[in-house]
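S.K.: For reference, the structure I am asking about is given below.
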Amino acid sequence: MSATTIHARNALLPGGWAQDVRFVLEGETIAAITPSVKPEAEDHRVDHLLPGMSNHHSHAFQRAMAGLAETRGSGTDTFWTWRDVMYRFALSMDPDQMEAVATHLYMEMMEAGFCHVGEFHYLHHDRAGRPYANIGELCDRIAAAAGATGMDVTLLPSFYAHSTFAGAAPVEGQRRFINDVDGFARIVERCRELARIMPGVSVGVAPHSLRAVTPDELSAVVDMAGDAPIHIHVAEQVKEVEDCLQWSGKRPVQWLLDNAPVNDRWCLIHATHLTPEELDAIVLSKATVGLCPVTEGNLGDGISRCKGLFEQGGAFGIGTDSNVLIDVGQELRQLEYSQRLAHGNRAVLAGQGASTGRELFEAARAGGGAALGSSTDLVAGGLASFVVFKNEDAPWLTQDRLIDGWIFGGAFRPDAVWARGRQVVEDGRHVARPDIAARFRTTMQDLMNETGLA
C-alpha cells in the first residue's frame with residue numbers, strides 16, 4: 001500500500017497549532033506526523049489542516065422537510081405544531097427515499113466539516129407500522145448512506161413505545177416508531193451486525209425520551225447498551241418538564257439522574273430547561289450535554305445553560321438534530337450568540353484572552369467525540385479524517401483567527417475534507433455530489449407530491 005503525504009502550513013494538533021507539518025497517511029490512518037519540516041516534492045500542500053467535527057445528534061429523514069415548516073398556523077406555533085409536519089414526512093418515506101435523503105444529508109455534512117455523525121434513528125417500520133422482513137431495514141439504509149459518502153456513523157436506534165408519560169398509548173402518527181423491548185433488541189442486534197461488516201459504523205442505543213419509555217423499558221434498553229453510548233432527549237420543552245412533574249413529582253433531568261446510571265457514556269440531548277442544581281449534577285455525572293443550537297433556535301425551545309456548563313468544565317457537543325441547516329460554523333455561532341443575548345456580554349464561552357472560536361470548536365469537538373465514543377484528534381495511529389481550509393482570499397486570518405473568521409465572519413467553508421485516508425470533498429464539493437444531488441431532487445419531487453405539499 002503506497003503512502004499519501006500532506007504538508008500543512010498550519011495544523012491544529014492536540015497540543016495546539018504547529019507549523020510546516022507533514023502527515024503520512026497509510027490506508028485509513030495517520031502513520032506519522034512531523035512538524036517544522038519543509039515540504040517534499042510529492043507532498044500534497046495545504047494551508048490550514050484541522051481535525052473534523054463530530055455531529056452527535058441527527059434525525060436524517062427530517063432533512064427532507066427543511067424550510068417546509070415555516071408557515072405560521074392558527075394560534076401559537078411551537079415544537080408540537082412543527083411535529084405535525086414532521087409526522088407527515090415520517091409516514092411517507094419508503095426505504096429508497098430514506099436512503100436518498102440520508103445520503104444527500106451526509107454529503108452536506110462532509111462538505112461542512114463533519115466527519116462523524118450520531119444517527120438517532122426512530123423511523124423503523126413500513127408506512128403501515130409493520131416491521132420489515134429485515135427488521136433493521138432502515139438502519140441498513142442509514143449505514144449505506146454513510147458508506148456512500150465516507151461519513152463515519154454511530155447508529156443510535158431509538159426505542160419509542162408511548163405518546164407521553166405513564167405509558168400512554170402511542171398515537172397514530174407514531175406508528176412507524178413503535179417497538180416493544182424484544183423487537184427493539186432485534187434492531188440493535190442488526191445494527192451490531194452492520195458494525196461488524198462495515199468500516200466506520202459503530203452502535204449505541206437511544207431510549208427516545210422519558211415520555212416515550214416507561215421506567216422498566218428504560219432499564220431494559222440501558223442494559224442492551226453494554227459499554228456503548230446511550231443518548232436520550234431530556235428537558236427540551238417547558239411542556240415536557242411540566243408533564244414530567246405531574247407524572248413523577250420530579251423534573252426530567254432530576255428523575256433521570258435519580259433513577260438511571262448516568263455516567264460519561266451518556267449524552268443528554270438538549271437539556272435546555274435545567275435548574276442550577278441539575279446542571280451541577282450533570283457535570284458531576286460526566287455526561288455530555290448534547291446541544292443542537294440551530295434546531296433549538298428554529299423550534300423556539302429556549303436557551304441552554306451552556307455558560308455554567310462551560311465554566312464548570314462540563315462536556316458539550318453540537319448536533320444538527322432536525323437538519324434544517326447544515327453548517328458547523330453556524331451551529332457554534334448560534335450557540336455563542338444565544339449566550340451573549342442571555343447574559344448581556346460578549347465572548348461568553350471563552351477563557352480570558354482566548355479565541356472564542358477556537359474554544360468553541362475544541363470544546364464541541366471533544367464533547368461530540370465523547371458522546372460518540374470516538375476521537376478526531378490528529379495523532380499518529382488515529383484516523384486520517386480531517387478538514388482543510390484554503391484562505392487565499394483572506395491570508396491575514398491564520399490559526400485561531402481563521403477559526404474565528406469561519407465561525408463569526410462566515411468567511412470560509414472547508415475547501416477539502418478527508419475521510420479515513422480518502423479525499424471526499426474537493427474545492428468545497430463532495431466528489432459524488434452530481435449523482436447524489438440528482439437522486440435527491442427526484443426523491444424530493446416525489447415526496448412533495450405524496451405529502452400534499454407540492
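Labeling convention for the C-alpha cells: chains A, B, ... as they appear, residues from 1 per chain, ligands from 1 in order of appearance.
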If you count only C-alpha atoms, which residues fall within 7 Å of A:Asn55, apart from same-chain ones fewer than 4 positions away, as a compact mmCIF listing (two decimals) with N, CA and C atoms, in the first residue's frame?

M.R.:
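Dumped everything to selection_14.txt:
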# COMPACT_ATOMS: atom_id res chain seq x y z
N PHE A 114 -18.11 18.11 9.05
CA PHE A 114 -18.40 17.00 9.95
C PHE A 114 -17.80 15.71 9.37
N HIS A 116 -18.10 12.63 11.49
CA HIS A 116 -18.72 11.53 12.25
C HIS A 116 -20.08 12.02 12.71
N VAL A 117 -21.11 11.19 12.54
CA VAL A 117 -22.46 11.58 12.94
C VAL A 117 -23.07 10.50 13.83
N GLY A 118 -23.81 10.94 14.82
CA GLY A 118 -24.63 10.04 15.62
C GLY A 118 -26.05 10.10 15.08
N ILE A 318 -22.11 19.54 19.63
CA ILE A 318 -23.14 20.13 18.77
C ILE A 318 -23.72 19.05 17.87
N GLY A 319 -25.04 19.16 17.66
CA GLY A 319 -25.73 18.25 16.76
C GLY A 319 -26.65 19.03 15.85
N THR A 320 -26.90 18.49 14.67
CA THR A 320 -27.76 19.19 13.70
C THR A 320 -29.21 18.78 13.83
N GLY A 368 -18.42 16.11 21.43
CA GLY A 368 -19.03 15.25 20.43
C GLY A 368 -18.34 13.91 20.33

S.K.: Tell me which protein, DNA and RNA residues are within 9 Å of A:Glu108, counting only C-alpha atoms, leaving out same-chain ones fewer than 3 positions away, and put them as a list in words.

M.R.: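 Listing them by chain and then by number gives Thr103, His104, Leu105, Glu111, Ala112, Gly113, Phe114, Ile326, Asp327, Arg429 and His430 of chain A.
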
S.K.: Tell me which protein, DNA and RNA residues are within 7 Å of A:Arg22, counting only C-alpha atoms, leaving out same-chain ones fewer than 4 positions away, and put them as a list in words.

M.R.: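 Selected residues are Thr5, Ile6, His7, Ala8, Ile33, Thr34, Pro35 and Val37 of chain A.
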
S.K.: Next, the residues of the selection above should be written as a short mmCIF file (atom, residue, chain, number, x, y, z; two decimals), in the first residue's frame with N, CA and C atoms.

M.R.:
data_model
loop_
_atom_site.label_atom_id
_atom_site.label_comp_id
_atom_site.auth_asym_id
_atom_site.auth_seq_id
_atom_site.Cartn_x
_atom_site.Cartn_y
_atom_site.Cartn_z
N THR A 5 1.20 11.63 1.30
CA THR A 5 1.81 12.62 2.18
C THR A 5 1.17 13.98 1.95
N ILE A 6 0.90 14.68 3.05
CA ILE A 6 0.28 16.00 3.02
C ILE A 6 1.13 16.94 3.86
N HIS A 7 1.45 18.11 3.32
CA HIS A 7 2.20 19.12 4.06
C HIS A 7 1.28 20.31 4.32
N ALA A 8 1.09 20.63 5.61
CA ALA A 8 0.22 21.74 6.01
C ALA A 8 1.05 22.88 6.56
N ILE A 33 3.35 12.02 11.95
CA ILE A 33 3.16 13.47 11.92
C ILE A 33 4.49 14.11 12.30
N THR A 34 5.00 14.98 11.43
CA THR A 34 6.29 15.62 11.69
C THR A 34 6.17 17.12 11.51
N PRO A 35 6.23 17.90 12.61
CA PRO A 35 6.17 19.37 12.49
C PRO A 35 7.53 19.95 12.08
N VAL A 37 8.98 20.92 9.25
CA VAL A 37 9.77 20.37 8.15
C VAL A 37 9.32 21.03 6.85
#

S.K.: Enumerate, as a ChimeraX atom specification, the complete set of residues in stretch 247-322 of chain A that a backbone-based DSSP assignment places in alpha helix (DSSP H).

M.R.: /A:247-248,252-259,276-285,293-299,306-311

S.K.: Counting only C-alpha atoms, which residues in stretch 271-390 of chain A sit no more than 8 Å from stretch 69-93 of chain A? For each one, give the nearest pair of atoms and the distance in Å, sorted by chain then residue number, as a tab-separated table.

M.R.:
residue	atom	partner	partner_atom	distance
A:Leu299	CA	A:Phe79	CA	5.4
A:Gly300	CA	A:Thr78	CA	6.8
A:Asp301	CA	A:Phe79	CA	7.3
